[in-house]
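**Q** Got a structure here, written out as structure tokens. Questions coming.
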Amino acid sequence: MRYKGWLIYNGGLLTKKFIELNEWYVESAKKLAIDLLPIANSELFCQIEEGKVTLEPQLTRPDFVLFLDKDIQLACQLESLGLQVFNSANTIEVCDNKLLMHQQLAQAELPQPLTIFAPMLFSHVKEPNPAFLDHVEEKLGYPLIAKEGFGSFGEQVYMVDDRHQLEAIARKLLHKPHLFQAYIKSSHGQDIRVHVVGDRVVASMKRVSELDFRANVTRGGKMFKIEPSDAFSELAIAASKAVGADFSGVDLLIGPNDEPIICEVNSNAHIKNIYQATSIDVSDYIFEHILTTLKSHSS
Ligand SMILES: Nc1ncnc2c1ncn2[C@@H]1O[C@H](COP(=O)(O)OP(=O)(O)O)[C@@H](O)[C@H]1O
Ligand SMILES: [Mg+2]
């Protein structure tokens with residue numbers, strides 16, 4: 001039997017890089033007799049009509065949806081229509097927001113850096129609360145890390161060296177969700193990216209930057225294929241499970257005793273970098289996992 005899937009991508013991101021990525025998934029799906037139809041999120045209109053969830057245009061129902069966008073209400077709409085969405089709307093939402101992600105990981109009591117969430121403030125508040133900044137300073141010391149709730153490629157992650165910088169960043173992020181975090185010095189400029197599919201590790205690399213405390217490849221991090229130790233593999237799998245991911249890219253920091261500490265879980269980790277580093281095509285594993293899940297639900 002042939003399967004039909006939709007690949008949902010962001011309509012605003014039709015750059016060469018993303019078109020290539022869509023084609024990659026389509027080709028990879030073919031190998032498992034899956035017809036994958038790329039659809040931009042902006043092509044689907046979510047409605048509540050006569051009190052019911054509907055979607056236009058009315059296309060043939062797929063067997064599953066591979067959701068590579070962050071349009072959470074669309075993902076929810078598709079789930080409400082009874083479609084099986086990979087990753088789930090809830091996983092995408094949790095991974096997209098670093099504050100929710102850390103909270104969810106804490107439910108599973110997994111190792112993470114000491115993290116303090118900034119309170120949400122209404123727009124009439126113009127200055128951060130000095131007592132909160134005192135607290136951050138006292139708990140974390142300097143340097144410390146500040147992160148926006150929503151961000152990627154390391155672009156919204158900052159190193160804070162002193163009170164002056166803390167005040168400046170707190171003011172800049174005043175009306176955005178953000179957090180402050182212990183700086184894991186032993187991991188400066190390096191981390192381990194582990195791709196988990198289902199409940200196993202399928203590919204891993206170490207990223208090392210000589211230029212920046214952030215190891216992101218887009219910021220100059222170099223990639224090296226590695227076989228992670230059991231401790232790193234087990235924590236990556238536990239983190240992926242804790243956010244309910246079908247597939248994920250888990251970033252692990254390296255603690256002072258070489259122990260793993262979770263940095264973040266990405267629900268839509270790029271498959272191209274890891275392929276370049278390891279020659280492993282993570283999409284093959286993703287489709288295998290999807291078919292296994294569909295079959296287990298239908299039997
Ligand atoms: N608490 C920390 N201590 C040391 N380095 C960190 C810390 N948090 C993040 N980093 C570095 O910054 C990079 C980007 O942070 P991350 O939270 O993964 O944000 P993004 O979603 O932008 O990739 C990480 O890959 C890691 O190299
Ligand atoms: Mg990251």
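Identifiers in the structure tokens: chain A, B, ... in order shown; residue index from 1 per chain; ligand index from 1 in order shown.
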Report as a tab-separated table: every residue of chain A with an atom at most 8 Å from ligand 1, its closest pair of atoms, and their distance in Å to one decimal, counting only C-alpha atoms and all ligand atoms, with rows sorted by chain and ascending residue number.
**A**
residue	atom	partner	partner_atom_place_in_ligand_line	distance
A:Lys98	CA	ligand 1	17 (O)	7.7
A:Pro113	CA	ligand 1	1 (N)	5.9
A:Leu144	CA	ligand 1	1 (N)	7.6
A:Ile145	CA	ligand 1	1 (N)	5.8
A:Lys147	CA	ligand 1	17 (O)	7.1
A:Phe150	CA	ligand 1	21 (O)	7.7
A:Gly151	CA	ligand 1	22 (O)	5.1
A:Ser152	CA	ligand 1	22 (O)	3.3
A:Phe153	CA	ligand 1	22 (O)	4.1
A:Gly154	CA	ligand 1	22 (O)	3.1
A:Glu155	CA	ligand 1	22 (O)	5.5
A:Gln156	CA	ligand 1	22 (O)	5.8
A:Val157	CA	ligand 1	15 (O)	5.9
A:Gln181	CA	ligand 1	1 (N)	5.5
A:Ala182	CA	ligand 1	1 (N)	5.2
A:Tyr183	CA	ligand 1	3 (N)	3.8
A:Ile184	CA	ligand 1	3 (N)	3.8
A:Lys185	CA	ligand 1	4 (C)	5.9
A:Ser186	CA	ligand 1	4 (C)	7.7
A:Ser187	CA	ligand 1	4 (C)	5.6
A:His188	CA	ligand 1	4 (C)	5.5
A:Gly189	CA	ligand 1	27 (O)	5.3
A:Gln190	CA	ligand 1	27 (O)	5.2
A:Asp191	CA	ligand 1	27 (O)	5.3
A:Arg207	CA	ligand 1	27 (O)	7.9
A:Phe213	CA	ligand 1	11 (C)	5.9
A:Arg214	CA	ligand 1	27 (O)	3.6
A:Ala215	CA	ligand 1	27 (O)	3.8
A:Asn216	CA	ligand 1	25 (O)	5.2
A:Asp251	CA	ligand 1	18 (O)	6.1
A:Leu252	CA	ligand 1	25 (O)	7.8
A:Leu253	CA	ligand 1	26 (C)	6.7
A:Cys263	CA	ligand 1	17 (O)	5.4
A:Glu264	CA	ligand 1	18 (O)	5.4
A:Val265	CA	ligand 1	18 (O)	7.9
A:Asn266	CA	ligand 1	21 (O)	7.5
**Q** Go ahead and save the residues from that selection, with C-alpha atoms, as a compact mmCIF listing (two decimals), in the first residue's frame.
**A**
# COMPACT_ATOMS: atom_id res chain seq x y z
CA LYS A 98 12.47 27.82 25.79
CA PRO A 113 21.50 24.58 33.98
CA LEU A 144 25.68 34.49 32.99
CA ILE A 145 23.58 33.59 29.97
CA LYS A 147 18.07 33.85 26.28
CA PHE A 150 11.87 32.29 21.04
CA GLY A 151 15.05 32.05 19.03
CA SER A 152 17.35 29.89 16.97
CA PHE A 153 20.85 29.71 15.45
CA GLY A 154 22.17 31.16 18.72
CA GLU A 155 20.96 34.60 17.61
CA GLN A 156 18.85 35.27 20.70
CA VAL A 157 21.38 33.89 23.21
CA GLN A 181 20.78 30.89 33.06
CA ALA A 182 24.00 29.64 34.62
CA TYR A 183 26.90 29.75 32.19
CA ILE A 184 28.36 26.25 31.83
CA LYS A 185 31.99 27.25 31.42
CA SER A 186 33.22 23.72 30.73
CA SER A 187 31.08 23.77 27.57
CA HIS A 188 32.33 27.11 26.25
CA GLY A 189 32.08 27.08 22.45
CA GLN A 190 31.10 23.43 22.29
CA ASP A 191 28.12 21.18 22.61
CA ARG A 207 30.04 21.22 17.47
CA PHE A 213 30.71 30.73 23.26
CA ARG A 214 27.83 29.49 21.10
CA ALA A 215 28.56 26.32 19.14
CA ASN A 216 25.85 26.83 16.49
CA ASP A 251 21.63 20.05 22.31
CA LEU A 252 23.66 18.85 25.28
CA LEU A 253 26.20 20.94 27.15
CA CYS A 263 20.71 22.93 26.65
CA GLU A 264 17.59 22.58 24.52
CA VAL A 265 15.41 20.23 22.49
CA ASN A 266 14.67 21.21 18.88
**Q** Segment 100-103 of chain A: which residues within 9 Å, counting only C-alpha atoms, same-chain residues fewer than 3 positions away excluded, as a CSV table (one decimal) with N, CA, C and O atoms, in the first residue's frame?
**A**
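Here's the written file out.csv:
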chain,number,residue,atom,x,y,z
A,93,GLU,N,5.0,23.3,20.2
A,93,GLU,CA,4.8,24.5,21.0
A,93,GLU,C,5.8,24.6,22.2
A,93,GLU,O,6.4,25.6,22.5
A,94,VAL,N,6.0,23.4,22.8
A,94,VAL,CA,6.9,23.4,24.0
A,94,VAL,C,8.3,23.6,23.5
A,94,VAL,O,9.1,24.4,24.2
A,95,CYS,N,8.7,23.0,22.4
A,95,CYS,CA,10.1,23.2,22.0
A,95,CYS,C,10.4,24.6,21.5
A,95,CYS,O,11.5,25.1,21.5
A,96,ASP,N,9.4,25.2,20.9
A,96,ASP,CA,9.5,26.6,20.4
A,96,ASP,C,9.8,27.6,21.4
A,96,ASP,O,10.5,28.6,21.2
A,97,ASN,N,9.2,27.4,22.6
A,97,ASN,CA,9.3,28.3,23.7
A,97,ASN,C,10.3,27.8,24.8
A,97,ASN,O,9.9,26.8,25.5
A,106,ALA,N,11.9,19.8,33.4
A,106,ALA,CA,11.9,19.7,34.9
A,106,ALA,C,10.9,18.7,35.4
A,106,ALA,O,11.1,18.1,36.5
A,107,GLN,N,9.8,18.6,34.7
A,107,GLN,CA,8.8,17.6,35.1
A,107,GLN,C,9.4,16.2,35.2
A,107,GLN,O,9.0,15.4,36.0
A,112,GLN,N,19.6,20.2,34.0
A,112,GLN,CA,19.6,21.4,33.1
A,112,GLN,C,20.4,22.5,33.9
A,112,GLN,O,20.5,22.4,35.1
A,115,THR,N,18.2,27.9,35.9
A,115,THR,CA,17.5,28.8,35.0
A,115,THR,C,16.4,29.6,35.7
A,115,THR,O,15.7,29.1,36.5
A,149,GLY,N,12.9,33.7,24.9
A,149,GLY,CA,12.1,32.5,24.8
A,149,GLY,C,12.0,31.9,23.4
A,149,GLY,O,12.0,30.7,23.2
A,243,VAL,N,9.5,15.9,26.2
A,243,VAL,CA,8.7,16.8,25.5
A,243,VAL,C,7.8,16.1,24.5
A,243,VAL,O,7.1,16.8,23.7
A,263,CYS,N,20.8,21.5,27.1
A,263,CYS,CA,20.7,22.9,26.7
A,263,CYS,C,19.3,23.2,26.1
A,263,CYS,O,18.6,24.1,26.5
A,264,GLU,N,18.9,22.4,25.1
A,264,GLU,CA,17.6,22.6,24.5
A,264,GLU,C,17.2,21.4,23.7
A,264,GLU,O,18.1,20.6,23.3
A,265,VAL,N,15.9,21.3,23.4
A,265,VAL,CA,15.4,20.2,22.5
A,265,VAL,C,14.8,21.0,21.3
A,265,VAL,O,13.9,21.8,21.5
**Q** Need to verify the contact set: segment 21-33 of chain A, 9 Å, only C-alpha atoms, exclusion of same-chain residues closer than 6 positions in sequence. Can you return it as a compact mmCIF listing (two decimals) with C-alpha atoms, in the first residue's frame?
**A**
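Everything below was put into out36.txt:
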# COMPACT_ATOMS: atom_id res chain seq x y z
CA MET A 1 0.00 0.00 0.00
CA ARG A 2 1.16 3.54 -0.70
CA TYR A 3 0.90 6.13 2.04
CA LYS A 4 0.00 9.77 1.59
CA GLY A 5 1.57 12.46 3.73
CA LEU A 7 4.71 18.14 4.56
CA TYR A 9 6.41 24.18 5.75
CA HIS A 270 18.00 20.57 10.42
CA ILE A 271 18.89 17.34 8.71
CA LYS A 272 21.44 18.83 6.33
CA ASP A 281 20.15 10.77 6.53
CA SER A 283 14.83 11.71 7.31
CA ASP A 284 15.00 7.97 6.51
CA PHE A 287 9.70 8.14 7.84
CA GLU A 288 10.39 4.64 9.20
CA LEU A 291 5.13 4.24 9.32
**Q** With a distance cut-off of 10 Å and only C-alpha atoms, select the neighbouring residues of Glu137 of chain A, excluding the residue or stretch itself and same-chain residues fewer than 5 positions from it, and output the selection as a PDB file with C-alpha atoms, in the first residue's frame.
**A**
ATOM      1  CA  ALA A 131      15.109  43.303  43.059  1.00  0.00           C
ATOM      2  CA  PHE A 132      14.704  40.684  40.302  1.00  0.00           C
ATOM      3  CA  TYR A 142      28.905  36.499  36.182  1.00  0.00           C
ATOM      4  CA  PRO A 143      29.232  35.740  33.419  1.00  0.00           C
ATOM      5  CA  LEU A 144      25.680  34.492  32.986  1.00  0.00           C
ATOM      6  CA  ASP A 162      28.362  42.480  34.603  1.00  0.00           C
ATOM      7  CA  ARG A 163      25.502  44.447  36.152  1.00  0.00           C
ATOM      8  CA  LEU A 166      22.447  42.701  32.806  1.00  0.00           C
ATOM      9  CA  PHE A 180      18.595  33.937  32.672  1.00  0.00           C
TER      10      PHE A 180
END
**Q** With distances taken over only C-alpha atoms and all ligand atoms, which of A:Met223, A:Met205, A:Ile290, A:Ile192 is nearest to ligand 2?
**A**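 Using only C-alpha atoms and all ligand atoms, ligand 2 sits closest to A:Ile192.
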**Q** Pick from A:Ile226, A:Ala203, A:Ala170, A:Val208: nearest to Leu133 of chain A, with only C-alpha atoms counted?
**A**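 Comparing A:Ile226, A:Ala203, A:Ala170, A:Val208 against Leu133 of chain A, the winner is A:Ala170.
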**Q** Could you pull the residues within 8 Å of Tyr285 of chain A, counting only C-alpha atoms, minus those fewer than 4 positions along the same chain, as JSON, numbers by chain?
**A** {"A": [197, 202, 281, 289]}
**Q** Would you please give, as a list in words, all residues of segment 156-192 of chain A that DSSP assigns to helix (DSSP H, G or I) based on the backbone?
**A**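 So, restricting segment 156-192 of chain A to helix (DSSP H, G or I), we get Arg163, His164, Gln165, Leu166, Glu167, Ala168, Ile169, Ala170, Arg171, Lys172, Lys185, Ser186 and Ser187 of chain A.
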**Q** Work out how far atom CA of Asp35 of chain A is from atom CA of Ser296 of chain A, in Å to one decimal.
**A**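 Separation between atom CA of Ser296 of chain A and atom CA of Asp35 of chain A: 19.9 Å.
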**Q** I'd like the interatomic distance between atom CA of His124 of chain A and atom CA of Glu167 of chain A, to a tenth of an Å.
**A**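 Here the two named atoms are 17.8 Å from each other.
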**Q** Write out as a list in words which residues come within 8 Å of Leu66 of chain A when counting only C-alpha atoms, dropping same-chain ones fewer than 6 positions away.
**A**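 After dropping sequence-adjacent residues, the list is Gly5, Trp6, Leu7, Ile8, Val85, Phe86 and Asn87 of chain A.
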**Q** Keeping only N, CA, C and O atoms, write the selected residues to a file as a JSON list (two decimals), in the first residue's frame.
**A**
[["chain", "number", "residue", "atom", "x", "y", "z"],
["A", 5, "GLY", "N", 1.26, 11.55, 2.63],
["A", 5, "GLY", "CA", 1.57, 12.46, 3.73],
["A", 5, "GLY", "C", 1.59, 13.90, 3.23],
["A", 5, "GLY", "O", 1.81, 14.15, 2.05],
["A", 6, "TRP", "N", 1.33, 14.81, 4.15],
["A", 6, "TRP", "CA", 1.55, 16.22, 3.84],
["A", 6, "TRP", "C", 2.82, 16.65, 4.55],
["A", 6, "TRP", "O", 3.06, 16.24, 5.70],
["A", 7, "LEU", "N", 3.58, 17.49, 3.89],
["A", 7, "LEU", "CA", 4.71, 18.14, 4.56],
["A", 7, "LEU", "C", 4.32, 19.62, 4.70],
["A", 7, "LEU", "O", 4.15, 20.30, 3.70],
["A", 8, "ILE", "N", 4.14, 20.06, 5.92],
["A", 8, "ILE", "CA", 3.78, 21.47, 6.12],
["A", 8, "ILE", "C", 5.05, 22.28, 6.39],
["A", 8, "ILE", "O", 5.83, 21.96, 7.29],
["A", 85, "VAL", "N", -0.24, 14.17, 13.47],
["A", 85, "VAL", "CA", 0.75, 15.19, 13.15],
["A", 85, "VAL", "C", 2.08, 14.85, 13.84],
["A", 85, "VAL", "O", 2.12, 14.58, 15.04],
["A", 86, "PHE", "N", 3.17, 14.86, 13.06],
["A", 86, "PHE", "CA", 4.53, 14.56, 13.56],
["A", 86, "PHE", "C", 5.41, 15.79, 13.35],
["A", 86, "PHE", "O", 5.54, 16.25, 12.23],
["A", 87, "ASN", "N", 6.02, 16.38, 14.35],
["A", 87, "ASN", "CA", 5.77, 16.23, 15.78],
["A", 87, "ASN", "C", 4.38, 16.78, 16.14],
["A", 87, "ASN", "O", 3.82, 17.57, 15.37]]
